[in-house]
$ cat structure19.txt   # compact mmCIF, N, CA and C atoms
# COMPACT_ATOMS: atom_id res chain seq x y z
N MET A 4 -2.30 -12.74 1.27
CA MET A 4 -1.33 -12.32 2.26
C MET A 4 -2.07 -11.69 3.43
N ALA A 5 -1.80 -12.20 4.60
CA ALA A 5 -2.43 -11.67 5.81
C ALA A 5 -1.80 -10.34 6.18
N ILE A 6 -2.60 -9.49 6.77
CA ILE A 6 -2.10 -8.20 7.23
C ILE A 6 -1.32 -8.42 8.51
N THR A 7 -0.13 -7.86 8.57
CA THR A 7 0.73 -8.00 9.73
C THR A 7 0.13 -7.25 10.92
N LYS A 8 0.11 -7.91 12.06
CA LYS A 8 -0.35 -7.24 13.28
C LYS A 8 0.83 -6.48 13.87
N ILE A 9 0.63 -5.20 14.04
CA ILE A 9 1.67 -4.35 14.60
C ILE A 9 1.51 -4.37 16.12
N PRO A 10 2.56 -4.77 16.85
CA PRO A 10 2.44 -4.78 18.31
C PRO A 10 2.32 -3.36 18.86
N ASP A 11 1.92 -3.27 20.12
CA ASP A 11 1.80 -1.96 20.75
C ASP A 11 3.13 -1.22 20.68
N VAL A 12 3.05 0.06 20.41
CA VAL A 12 4.25 0.89 20.35
C VAL A 12 4.52 1.40 21.76
N VAL A 13 5.49 0.77 22.41
CA VAL A 13 5.78 1.11 23.80
C VAL A 13 7.08 1.87 23.98
N ASN A 14 7.84 1.99 22.90
CA ASN A 14 9.09 2.75 22.98
C ASN A 14 9.49 3.23 21.59
N HIS A 15 10.54 4.02 21.56
CA HIS A 15 11.00 4.63 20.31
C HIS A 15 11.39 3.57 19.30
N SER A 16 12.06 2.54 19.73
CA SER A 16 12.48 1.46 18.82
C SER A 16 11.26 0.76 18.22
N ALA A 17 10.24 0.52 19.03
CA ALA A 17 9.01 -0.12 18.54
C ALA A 17 8.28 0.78 17.55
N LEU A 18 8.34 2.09 17.77
CA LEU A 18 7.73 3.04 16.85
C LEU A 18 8.39 2.94 15.48
N LEU A 19 9.72 2.98 15.46
CA LEU A 19 10.43 2.88 14.18
C LEU A 19 10.19 1.53 13.51
N THR A 20 10.17 0.46 14.30
CA THR A 20 9.91 -0.87 13.76
C THR A 20 8.51 -0.96 13.16
N ALA A 21 7.52 -0.40 13.84
CA ALA A 21 6.14 -0.43 13.35
C ALA A 21 6.01 0.35 12.04
N LEU A 22 6.61 1.52 11.99
CA LEU A 22 6.53 2.33 10.77
C LEU A 22 7.21 1.63 9.60
N ASN A 23 8.34 1.00 9.86
CA ASN A 23 9.02 0.27 8.79
C ASN A 23 8.23 -0.97 8.36
N ALA A 24 7.56 -1.62 9.30
CA ALA A 24 6.73 -2.79 8.96
C ALA A 24 5.55 -2.36 8.08
N ILE A 25 4.93 -1.24 8.41
CA ILE A 25 3.82 -0.74 7.61
C ILE A 25 4.30 -0.43 6.20
N ARG A 26 5.40 0.30 6.10
CA ARG A 26 5.94 0.65 4.77
C ARG A 26 6.26 -0.60 3.97
N SER A 27 6.90 -1.56 4.61
CA SER A 27 7.30 -2.78 3.92
C SER A 27 6.09 -3.57 3.43
N GLU A 28 5.07 -3.67 4.28
CA GLU A 28 3.88 -4.42 3.89
C GLU A 28 3.15 -3.74 2.73
N VAL A 29 3.04 -2.44 2.78
CA VAL A 29 2.36 -1.73 1.70
C VAL A 29 3.16 -1.87 0.41
N GLU A 30 4.48 -1.78 0.49
CA GLU A 30 5.30 -1.96 -0.71
C GLU A 30 5.11 -3.34 -1.32
N SER A 31 4.99 -4.37 -0.47
CA SER A 31 4.80 -5.72 -1.00
C SER A 31 3.44 -5.84 -1.68
N ARG A 32 2.44 -5.14 -1.18
CA ARG A 32 1.12 -5.16 -1.82
C ARG A 32 1.13 -4.38 -3.14
N GLN A 33 1.99 -3.38 -3.24
CA GLN A 33 2.07 -2.60 -4.48
C GLN A 33 2.40 -3.51 -5.66
N GLU A 34 3.32 -4.41 -5.47
CA GLU A 34 3.72 -5.30 -6.55
C GLU A 34 2.54 -6.17 -6.99
N ASP A 35 1.80 -6.71 -6.02
CA ASP A 35 0.63 -7.53 -6.36
C ASP A 35 -0.40 -6.73 -7.14
N VAL A 36 -0.66 -5.51 -6.71
CA VAL A 36 -1.66 -4.67 -7.36
C VAL A 36 -1.18 -4.24 -8.74
N ASP A 37 0.11 -3.95 -8.87
CA ASP A 37 0.67 -3.63 -10.19
C ASP A 37 0.45 -4.79 -11.16
N ASN A 38 0.72 -5.99 -10.68
CA ASN A 38 0.53 -7.17 -11.53
C ASN A 38 -0.93 -7.35 -11.90
N LEU A 39 -1.83 -7.14 -10.96
CA LEU A 39 -3.26 -7.26 -11.24
C LEU A 39 -3.69 -6.22 -12.27
N ALA A 40 -3.23 -5.00 -12.13
CA ALA A 40 -3.59 -3.94 -13.08
C ALA A 40 -3.08 -4.28 -14.48
N ALA A 41 -1.85 -4.77 -14.58
CA ALA A 41 -1.29 -5.13 -15.89
C ALA A 41 -2.08 -6.28 -16.51
N TRP A 42 -2.36 -7.30 -15.72
CA TRP A 42 -3.11 -8.46 -16.22
C TRP A 42 -4.51 -8.02 -16.65
N SER A 43 -5.15 -7.20 -15.85
CA SER A 43 -6.51 -6.74 -16.16
C SER A 43 -6.54 -5.93 -17.45
N GLY A 44 -5.56 -5.07 -17.63
CA GLY A 44 -5.50 -4.28 -18.87
C GLY A 44 -5.36 -5.16 -20.09
N GLU A 45 -4.50 -6.16 -19.97
CA GLU A 45 -4.29 -7.09 -21.08
C GLU A 45 -5.56 -7.91 -21.36
N MET A 46 -6.18 -8.43 -20.30
CA MET A 46 -7.37 -9.25 -20.48
C MET A 46 -8.55 -8.43 -21.01
N SER A 47 -8.68 -7.20 -20.57
CA SER A 47 -9.75 -6.34 -21.06
C SER A 47 -9.60 -6.12 -22.56
N ALA A 48 -8.39 -5.83 -22.98
CA ALA A 48 -8.13 -5.64 -24.41
C ALA A 48 -8.44 -6.91 -25.19
N ARG A 49 -8.08 -8.07 -24.64
CA ARG A 49 -8.39 -9.34 -25.31
C ARG A 49 -9.89 -9.56 -25.45
N MET A 50 -10.63 -9.30 -24.37
CA MET A 50 -12.08 -9.52 -24.41
C MET A 50 -12.74 -8.60 -25.43
N HIS A 51 -12.31 -7.34 -25.49
CA HIS A 51 -12.86 -6.43 -26.49
C HIS A 51 -12.47 -6.87 -27.90
N GLY A 52 -11.25 -7.37 -28.04
CA GLY A 52 -10.82 -7.89 -29.35
C GLY A 52 -11.65 -9.09 -29.78
N ILE A 53 -11.93 -9.98 -28.85
CA ILE A 53 -12.76 -11.15 -29.15
C ILE A 53 -14.16 -10.70 -29.54
N ALA A 54 -14.70 -9.71 -28.82
CA ALA A 54 -16.04 -9.20 -29.16
C ALA A 54 -16.05 -8.66 -30.58
N ASN A 55 -15.02 -7.94 -30.97
CA ASN A 55 -14.95 -7.40 -32.33
C ASN A 55 -14.83 -8.51 -33.36
N GLU A 56 -14.05 -9.55 -33.05
CA GLU A 56 -13.93 -10.68 -33.97
C GLU A 56 -15.26 -11.41 -34.12
N LEU A 57 -15.96 -11.59 -33.01
CA LEU A 57 -17.26 -12.26 -33.06
C LEU A 57 -18.26 -11.43 -33.86
N LEU A 58 -18.18 -10.12 -33.70
CA LEU A 58 -19.06 -9.23 -34.46
C LEU A 58 -18.79 -9.37 -35.96
N ALA A 59 -17.50 -9.43 -36.32
CA ALA A 59 -17.13 -9.58 -37.73
C ALA A 59 -17.58 -10.94 -38.30
N LEU A 60 -17.70 -11.93 -37.43
CA LEU A 60 -18.15 -13.26 -37.85
C LEU A 60 -19.67 -13.39 -37.84
N ASN A 61 -20.34 -12.28 -37.57
CA ASN A 61 -21.81 -12.25 -37.51
C ASN A 61 -22.39 -13.19 -36.46
N VAL A 62 -21.68 -13.31 -35.34
CA VAL A 62 -22.20 -14.07 -34.20
C VAL A 62 -23.32 -13.24 -33.59
N ASP A 63 -24.25 -13.90 -32.93
CA ASP A 63 -25.40 -13.17 -32.37
C ASP A 63 -24.97 -12.04 -31.45
N ASN A 64 -25.78 -11.00 -31.44
CA ASN A 64 -25.47 -9.80 -30.66
C ASN A 64 -25.37 -10.06 -29.17
N TYR A 65 -26.12 -11.03 -28.68
CA TYR A 65 -26.08 -11.37 -27.26
C TYR A 65 -24.67 -11.84 -26.86
N THR A 66 -24.10 -12.74 -27.64
CA THR A 66 -22.75 -13.26 -27.35
C THR A 66 -21.72 -12.15 -27.47
N VAL A 67 -21.83 -11.36 -28.52
CA VAL A 67 -20.89 -10.24 -28.72
C VAL A 67 -21.01 -9.27 -27.55
N GLY A 68 -22.23 -8.97 -27.15
CA GLY A 68 -22.45 -8.05 -26.03
C GLY A 68 -21.88 -8.58 -24.73
N ASN A 69 -22.02 -9.90 -24.52
CA ASN A 69 -21.46 -10.49 -23.30
C ASN A 69 -19.94 -10.37 -23.27
N MET A 70 -19.31 -10.57 -24.40
CA MET A 70 -17.84 -10.44 -24.44
C MET A 70 -17.42 -8.99 -24.19
N ALA A 71 -18.13 -8.06 -24.80
CA ALA A 71 -17.82 -6.65 -24.59
C ALA A 71 -18.05 -6.26 -23.13
N MET A 72 -19.14 -6.78 -22.54
CA MET A 72 -19.42 -6.49 -21.13
C MET A 72 -18.32 -7.06 -20.22
N LEU A 73 -17.85 -8.26 -20.54
CA LEU A 73 -16.76 -8.85 -19.77
C LEU A 73 -15.50 -7.97 -19.88
N GLY A 74 -15.23 -7.48 -21.09
CA GLY A 74 -14.09 -6.57 -21.27
C GLY A 74 -14.23 -5.31 -20.43
N ASP A 75 -15.46 -4.77 -20.39
CA ASP A 75 -15.71 -3.56 -19.58
C ASP A 75 -15.54 -3.85 -18.09
N LEU A 76 -16.03 -5.02 -17.68
CA LEU A 76 -15.91 -5.41 -16.27
C LEU A 76 -14.44 -5.52 -15.86
N ILE A 77 -13.64 -6.14 -16.70
CA ILE A 77 -12.21 -6.30 -16.39
C ILE A 77 -11.51 -4.94 -16.46
N ALA A 78 -11.95 -4.06 -17.36
CA ALA A 78 -11.38 -2.70 -17.42
C ALA A 78 -11.67 -1.97 -16.11
N GLY A 79 -12.87 -2.19 -15.55
CA GLY A 79 -13.19 -1.61 -14.25
C GLY A 79 -12.28 -2.13 -13.15
N GLN A 80 -11.95 -3.41 -13.23
CA GLN A 80 -11.02 -4.01 -12.26
C GLN A 80 -9.66 -3.34 -12.38
N LYS A 81 -9.23 -3.07 -13.61
CA LYS A 81 -7.95 -2.40 -13.81
C LYS A 81 -7.97 -1.00 -13.21
N SER A 82 -9.07 -0.29 -13.41
CA SER A 82 -9.20 1.06 -12.84
C SER A 82 -9.13 1.02 -11.32
N ALA A 83 -9.80 0.03 -10.73
CA ALA A 83 -9.77 -0.11 -9.27
C ALA A 83 -8.36 -0.44 -8.79
N ALA A 84 -7.67 -1.32 -9.52
CA ALA A 84 -6.30 -1.67 -9.14
C ALA A 84 -5.38 -0.46 -9.26
N ASP A 85 -5.56 0.34 -10.31
CA ASP A 85 -4.76 1.56 -10.46
C ASP A 85 -5.01 2.54 -9.31
N ALA A 86 -6.28 2.68 -8.92
CA ALA A 86 -6.60 3.57 -7.79
C ALA A 86 -5.99 3.05 -6.50
N TYR A 87 -6.05 1.74 -6.29
CA TYR A 87 -5.44 1.14 -5.09
C TYR A 87 -3.94 1.36 -5.10
N LYS A 88 -3.32 1.23 -6.27
CA LYS A 88 -1.87 1.45 -6.40
C LYS A 88 -1.52 2.89 -6.02
N ASN A 89 -2.33 3.83 -6.47
CA ASN A 89 -2.09 5.23 -6.10
C ASN A 89 -2.20 5.42 -4.59
N ALA A 90 -3.17 4.75 -3.98
CA ALA A 90 -3.33 4.84 -2.52
C ALA A 90 -2.12 4.23 -1.80
N THR A 91 -1.59 3.12 -2.33
CA THR A 91 -0.42 2.53 -1.69
C THR A 91 0.81 3.41 -1.86
N ASP A 92 0.91 4.09 -2.99
CA ASP A 92 2.02 5.04 -3.17
C ASP A 92 1.98 6.11 -2.07
N ILE A 93 0.80 6.63 -1.82
CA ILE A 93 0.64 7.66 -0.78
C ILE A 93 0.98 7.08 0.59
N SER A 94 0.51 5.86 0.86
CA SER A 94 0.77 5.22 2.16
C SER A 94 2.26 4.98 2.38
N VAL A 95 2.95 4.52 1.36
CA VAL A 95 4.39 4.28 1.47
C VAL A 95 5.11 5.60 1.76
N ASN A 96 4.74 6.65 1.04
CA ASN A 96 5.38 7.95 1.27
C ASN A 96 5.10 8.46 2.68
N GLN A 97 3.87 8.28 3.16
CA GLN A 97 3.53 8.74 4.50
C GLN A 97 4.28 7.94 5.57
N ALA A 98 4.37 6.63 5.40
CA ALA A 98 5.09 5.81 6.38
C ALA A 98 6.57 6.14 6.37
N THR A 99 7.14 6.36 5.20
CA THR A 99 8.56 6.72 5.11
C THR A 99 8.81 8.07 5.77
N THR A 100 7.94 9.03 5.49
CA THR A 100 8.07 10.36 6.11
C THR A 100 7.91 10.28 7.62
N ALA A 101 6.93 9.51 8.08
CA ALA A 101 6.72 9.38 9.53
C ALA A 101 7.93 8.74 10.20
N ALA A 102 8.51 7.71 9.57
CA ALA A 102 9.68 7.06 10.15
C ALA A 102 10.87 8.03 10.20
N ARG A 103 11.05 8.77 9.11
CA ARG A 103 12.16 9.73 9.06
C ARG A 103 11.95 10.82 10.12
N THR A 104 10.73 11.31 10.24
CA THR A 104 10.42 12.35 11.22
C THR A 104 10.59 11.83 12.64
N ALA A 105 10.10 10.61 12.89
CA ALA A 105 10.24 10.02 14.23
C ALA A 105 11.71 9.84 14.58
N HIS A 106 12.49 9.41 13.62
CA HIS A 106 13.92 9.20 13.87
C HIS A 106 14.61 10.54 14.16
N ARG A 107 14.31 11.53 13.35
CA ARG A 107 14.97 12.83 13.49
C ARG A 107 14.48 13.59 14.73
N ASN A 108 13.17 13.72 14.88
CA ASN A 108 12.63 14.55 15.96
C ASN A 108 12.71 13.89 17.33
N HIS A 109 12.50 12.60 17.40
CA HIS A 109 12.52 11.95 18.71
C HIS A 109 13.93 11.91 19.30
N GLY A 110 14.93 11.95 18.45
CA GLY A 110 16.30 12.05 18.97
C GLY A 110 16.49 13.35 19.73
N ARG A 111 15.92 14.42 19.21
CA ARG A 111 16.01 15.72 19.88
C ARG A 111 15.21 15.71 21.19
N ILE A 112 14.07 15.04 21.17
CA ILE A 112 13.26 14.95 22.39
C ILE A 112 14.03 14.21 23.47
N GLN A 113 14.70 13.12 23.08
CA GLN A 113 15.48 12.36 24.07
C GLN A 113 16.59 13.23 24.65
N ASP A 114 17.23 14.03 23.82
CA ASP A 114 18.27 14.93 24.33
C ASP A 114 17.69 15.88 25.36
N ALA A 115 16.51 16.41 25.08
CA ALA A 115 15.87 17.34 26.03
C ALA A 115 15.50 16.62 27.31
N VAL A 116 15.02 15.39 27.19
CA VAL A 116 14.67 14.61 28.39
C VAL A 116 15.92 14.35 29.21
N ASP A 117 17.02 13.99 28.55
CA ASP A 117 18.27 13.71 29.26
C ASP A 117 18.80 14.95 29.98
N ASP A 118 18.59 16.12 29.37
CA ASP A 118 19.10 17.36 29.94
C ASP A 118 18.21 17.92 31.05
N ALA A 119 16.96 17.49 31.11
CA ALA A 119 16.03 18.03 32.10
C ALA A 119 16.27 17.39 33.46
N ASP A 120 16.20 18.21 34.50
CA ASP A 120 16.36 17.67 35.85
C ASP A 120 15.01 17.56 36.56
N VAL A 121 13.95 17.61 35.78
CA VAL A 121 12.60 17.48 36.32
C VAL A 121 12.24 16.00 36.32
N PRO A 122 11.81 15.44 37.46
CA PRO A 122 11.52 14.00 37.54
C PRO A 122 10.50 13.51 36.51
N MET A 123 9.46 14.30 36.23
CA MET A 123 8.45 13.81 35.30
C MET A 123 8.97 13.77 33.87
N ALA A 124 10.07 14.40 33.59
CA ALA A 124 10.64 14.36 32.25
C ALA A 124 11.43 13.08 32.03
N ASP A 125 11.71 12.36 33.08
CA ASP A 125 12.44 11.10 32.95
C ASP A 125 11.49 10.05 32.39
N ASN A 126 11.72 9.66 31.15
CA ASN A 126 10.81 8.79 30.45
C ASN A 126 11.59 7.62 29.88
N HIS A 127 11.00 6.45 29.90
CA HIS A 127 11.69 5.27 29.38
C HIS A 127 11.28 4.91 27.96
N PHE A 128 10.59 5.83 27.30
CA PHE A 128 10.15 5.57 25.93
C PHE A 128 11.35 5.33 25.00
N TYR A 129 12.45 5.98 25.27
CA TYR A 129 13.59 5.91 24.35
C TYR A 129 14.58 4.80 24.70
N ASP A 130 14.57 4.35 25.92
CA ASP A 130 15.55 3.32 26.29
C ASP A 130 14.93 2.02 26.75
N ALA A 131 13.61 1.92 26.71
CA ALA A 131 12.93 0.67 27.14
C ALA A 131 13.07 -0.39 26.04
N ASP A 132 13.17 -1.61 26.45
CA ASP A 132 13.25 -2.72 25.49
C ASP A 132 11.89 -3.32 25.27
$ encode --input "structure19.txt" --output "C-alpha cells"
Amino acid sequence: MAITKIPDVVNHSALLTALNAIRSEVESRQEDVDNLAAWSGEMSARMHGIANELLALNVDNYTVGNMAMLGDLIAGQKSAADAYKNATDISVNQATTAARTAHRNHGRIQDAVDDADVPMADNHFYDAD
C-alpha cells in the first residue's frame, strides 16, 4: 500500500482533511500489522515445534538448529510487528487528538478573527476553498 500524499494545508478544511487522512491510513496499516504479528506468532511456534519433533527423531543437530533459528527469526518479526502496532496506536491517538483540537480551537480563532476590526486579522484560512 502506497503512502498517501497529503496536499498542502492551505485552509482549515484542508487541515481537518489531512489529519483525518493520516488517521485513516494509519488505522488501515494497523490491521495489516496485526495480521502479520498473528501469523508470525503462529509460524514461530510451528517452527519451534518442528525443531522439537526433529530432535525427538534424532535428526542431525544442524537441521534441528536451523529450524529453531528460523523460529527465533520469525519470533523477532512478531516482536517488530508488535512494536510497530504500538507505534500506530500512538499515531492514531495523536491524529485523532490533533483533529479534535483543530476543530475545537480553530473555531474559536475564527470567531476572534471575525470580531476583530484589524485588517491584518482578516484571514482566509477558515473560508478559503
$ axis_aligned_box --input "structure19.txt" --around "stretch 14-21 of chain A" --padding-each-side "3 Å" --output "lines of an AutoDock Vina configuration file"
center_x = 9.2
center_y = 1.8
center_z = 17.5
size_x = 12.5
size_y = 11.6
size_z = 16.9
$ residues_around --input "structure19.txt" --residues "A:Leu73" --least-positions-apart "4" --cutoff "8 Å" --atoms "only N, CA and C atoms" --output "compact mmCIF listing (two decimals) with N, CA and C atoms, in the frame of the given file"
# COMPACT_ATOMS: atom_id res chain seq x y z
N MET A 46 -6.18 -8.43 -20.30
CA MET A 46 -7.37 -9.25 -20.48
C MET A 46 -8.55 -8.43 -21.01
N SER A 47 -8.68 -7.20 -20.57
CA SER A 47 -9.75 -6.34 -21.06
C SER A 47 -9.60 -6.12 -22.56
N MET A 50 -10.63 -9.30 -24.37
CA MET A 50 -12.08 -9.52 -24.41
C MET A 50 -12.74 -8.60 -25.43
N HIS A 51 -12.31 -7.34 -25.49
CA HIS A 51 -12.86 -6.43 -26.49
C HIS A 51 -12.47 -6.87 -27.90
N VAL A 67 -21.83 -11.36 -28.52
CA VAL A 67 -20.89 -10.24 -28.72
C VAL A 67 -21.01 -9.27 -27.55
N GLY A 68 -22.23 -8.97 -27.15
CA GLY A 68 -22.45 -8.05 -26.03
C GLY A 68 -21.88 -8.58 -24.73
N ASN A 69 -22.02 -9.90 -24.52
CA ASN A 69 -21.46 -10.49 -23.30
C ASN A 69 -19.94 -10.37 -23.27
N ILE A 77 -13.64 -6.14 -16.70
CA ILE A 77 -12.21 -6.30 -16.39
C ILE A 77 -11.51 -4.94 -16.46
N ALA A 78 -11.95 -4.06 -17.36
CA ALA A 78 -11.38 -2.70 -17.42
C ALA A 78 -11.67 -1.97 -16.11
N GLY A 79 -12.87 -2.19 -15.55
CA GLY A 79 -13.19 -1.61 -14.25
C GLY A 79 -12.28 -2.13 -13.15
$ atom_distance --input "structure19.txt" --atom1 "atom CA of A:Ala21" --atom2 "atom C of A:Val36"
23.6 Å
$ closest_atom_pairs --input "structure19.txt" --of "stretch 57-105 of chain A" --to "stretch 15-20 of chain A" --cutoff "8 Å" --atoms "only N, CA and C atoms" --output "JSON lines"
{"residue": "A:Ala101", "atom": "C", "partner": "A:Leu19", "partner_atom": "CA", "distance": 7.5}
{"residue": "A:Ala102", "atom": "CA", "partner": "A:Leu19", "partner_atom": "CA", "distance": 5.9}
{"residue": "A:Arg103", "atom": "N", "partner": "A:Leu19", "partner_atom": "CA", "distance": 7.8}
{"residue": "A:Ala105", "atom": "C", "partner": "A:Leu19", "partner_atom": "CA", "distance": 7.1}
$ write_last_selection --input "structure19.txt" --atoms "N, CA and C atoms" --output "JSON list (two decimals), keeping the file's coordinate frame"
[["chain", "number", "residue", "atom", "x", "y", "z"],
["A", 101, "ALA", "N", 6.93, 9.51, 8.08],
["A", 101, "ALA", "CA", 6.72, 9.38, 9.53],
["A", 101, "ALA", "C", 7.93, 8.74, 10.20],
["A", 102, "ALA", "N", 8.51, 7.71, 9.57],
["A", 102, "ALA", "CA", 9.68, 7.06, 10.15],
["A", 102, "ALA", "C", 10.87, 8.03, 10.20],
["A", 103, "ARG", "N", 11.05, 8.77, 9.11],
["A", 103, "ARG", "CA", 12.16, 9.73, 9.06],
["A", 103, "ARG", "C", 11.95, 10.82, 10.12],
["A", 105, "ALA", "N", 10.10, 10.61, 12.89],
["A", 105, "ALA", "CA", 10.24, 10.02, 14.23],
["A", 105, "ALA", "C", 11.71, 9.84, 14.58]]
$ closest_residue --input "structure19.txt" --among "A:Asp37, A:Asp63, A:Glu56, A:Glu30" --to "A:Asn96" --atoms "only C-alpha atoms"
A:Glu30
$ closest_residue --input "structure19.txt" --among "A:Asp118, A:Asp75, A:Asp85, A:Asp11" --to "A:Ala41" --atoms "only C-alpha atoms"
A:Asp85
$ atom_distance --input "structure19.txt" --atom1 "atom CA of A:Ala40" --atom2 "atom N of A:Ile9"
27.5 Å
$ select_by_dssp --input "structure19.txt" --residues "chain A" --states "helix (DSSP H, G or I)" --output "number ranges by chain"
A: 15-59, 64-118, 122-124
$ atom_distance --input "structure19.txt" --atom1 "atom CA of A:Val95" --atom2 "atom C of A:Ala83"
17.0 Å
$ closest_residue --input "structure19.txt" --among "A:Thr104, A:Lys88, A:Ala119, A:Thr99" --to "A:Asp35" --atoms "only C-alpha atoms"
A:Lys88
